[in-house]
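S.K.: You'll find entry.csv just under this line, and it carries CSV, C-alpha atoms.
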chain,number,residue,atom,x,y,z
A,1,MET,CA,-129.1,-35.3,-22.0
A,2,LEU,CA,-130.2,-37.5,-24.9
A,3,SER,CA,-130.8,-36.5,-28.5
A,4,ALA,CA,-133.9,-38.7,-28.8
A,5,ARG,CA,-137.1,-36.7,-28.8
A,6,ASN,CA,-139.5,-39.5,-28.1
A,7,GLN,CA,-139.1,-39.9,-24.3
A,8,LEU,CA,-142.2,-41.3,-22.6
A,9,PRO,CA,-142.6,-41.7,-18.8
A,10,ALA,CA,-143.6,-45.3,-18.1
A,11,VAL,CA,-144.1,-47.8,-15.3
A,12,VAL,CA,-142.6,-51.3,-15.6
A,13,LYS,CA,-145.3,-53.9,-15.6
A,14,SER,CA,-143.1,-57.0,-16.0
A,15,VAL,CA,-139.6,-58.2,-16.8
A,16,LYS,CA,-139.1,-61.6,-18.4
A,17,LEU,CA,-135.4,-62.6,-18.4
A,18,GLY,CA,-134.2,-65.0,-21.1
A,19,ASN,CA,-130.7,-66.4,-21.7
A,20,VAL,CA,-129.6,-63.4,-23.7
A,21,MET,CA,-132.5,-61.0,-24.0
A,22,ALA,CA,-135.1,-59.6,-21.6
A,23,GLU,CA,-138.7,-58.6,-22.5
A,24,VAL,CA,-139.8,-55.5,-20.6
A,25,VAL,CA,-143.5,-54.7,-20.6
A,26,MET,CA,-144.3,-51.1,-19.6
A,27,THR,CA,-147.4,-49.0,-19.3
A,28,VAL,CA,-147.5,-45.5,-20.7
A,29,GLY,CA,-150.8,-44.1,-19.6
A,30,ASN,CA,-153.3,-46.8,-20.6
A,31,VAL,CA,-151.1,-48.1,-23.4
A,32,GLU,CA,-148.8,-51.1,-23.1
A,33,LEU,CA,-145.3,-50.8,-24.6
A,34,VAL,CA,-143.0,-53.8,-25.0
A,35,ALA,CA,-139.2,-53.5,-25.3
A,36,ALA,CA,-136.6,-56.2,-26.0
A,37,ILE,CA,-133.3,-55.4,-24.4
A,38,THR,CA,-130.2,-57.4,-23.5
A,39,ARG,CA,-130.4,-59.4,-20.2
A,40,GLY,CA,-127.2,-57.7,-19.1
A,41,SER,CA,-128.8,-54.2,-19.5
A,42,ALA,CA,-132.0,-55.3,-17.6
A,43,GLU,CA,-129.9,-56.6,-14.8
A,44,GLN,CA,-127.6,-53.6,-14.7
A,45,LEU,CA,-130.6,-51.3,-14.5
A,46,GLY,CA,-132.1,-53.6,-11.8
A,47,LEU,CA,-135.5,-53.4,-13.6
A,48,LYS,CA,-138.5,-54.8,-11.7
A,49,ALA,CA,-142.3,-54.4,-11.8
A,50,GLY,CA,-143.4,-51.1,-10.4
A,51,ASP,CA,-140.3,-49.2,-11.4
A,52,THR,CA,-140.8,-45.7,-12.9
A,53,VAL,CA,-138.7,-45.5,-16.1
A,54,THR,CA,-138.4,-43.4,-19.3
A,55,ALA,CA,-139.1,-45.3,-22.5
A,56,ILE,CA,-136.8,-43.7,-25.1
A,57,ILE,CA,-137.9,-44.5,-28.7
A,58,LYS,CA,-135.2,-43.9,-31.3
A,59,ALA,CA,-136.3,-45.5,-34.6
A,60,THR,CA,-135.6,-45.1,-38.2
A,61,GLU,CA,-139.0,-46.3,-39.3
A,62,VAL,CA,-142.5,-45.9,-37.9
A,63,MET,CA,-145.4,-47.8,-39.6
A,64,ILE,CA,-149.0,-46.5,-39.4
A,65,ASP,CA,-152.1,-48.5,-40.3
A,66,LYS,CA,-155.6,-47.1,-40.7
A,67,SER,CA,-158.4,-49.7,-40.7
Could you write out this structure as structure tokens?

M.R.:
Amino acid sequence: MLSARNQLPAVVKSVKLGNVMAEVVMTVGNVELVAAITRGSAEQLGLKAGDTVTAIIKATEVMIDKS
């Protein structure tokens, strides 16, 4: 069990591996969410397009803009 309240069911759209980091693009409903995680974590999780995952958002700051 995690203490983070913001847990969103998501589907991995793509994984782009860099030397140190990985960019993971997910879809949550019709919204695209992008996470930067370590390459080692992405490999350990075996992330690939089509995987069902949970995006867990634990942030100290959230910005809001109203145009």

S.K.: Any idea what the distance is between atom CA of Ile64 of chain A and atom CA of Ile37 of chain A?

M.R.: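 It comes out at 23.5 Å.
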
S.K.: What does the distance between atom CA of Gly46 of chain A and atom CA of Gly18 of chain A come to in Å, to one decimal place?

M.R.: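 Value for the atom CA of Gly46 of chain A-atom CA of Gly18 of chain A distance: 14.9 Å.
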
S.K.: Pick out the closest residue to Val28 of chain A from this set: A:Ala42, A:Arg5, A:Ile56, A:Lys16. Count all atoms listed in the file.

M.R.: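 The answer is A:Ile56, which sits nearest to Val28 of chain A.
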
S.K.: Excluding Glu32 of chain A and its own-chain neighbours fewer than 3 positions away, which residues fall within 12 Å of it when counting all atoms listed in the file? Please give them as a VMD selection string.

M.R.: chain A and resid 8 10 to 14 24 to 29 35 55

S.K.: With only C-alpha atoms as the counted atoms, please give the residues lying no more than 8 Å from Ile57 of chain A, apart from itself and same-chain residues fewer than 6 positions off, as a VMD selection string.

M.R.: chain A and resid 4 to 7
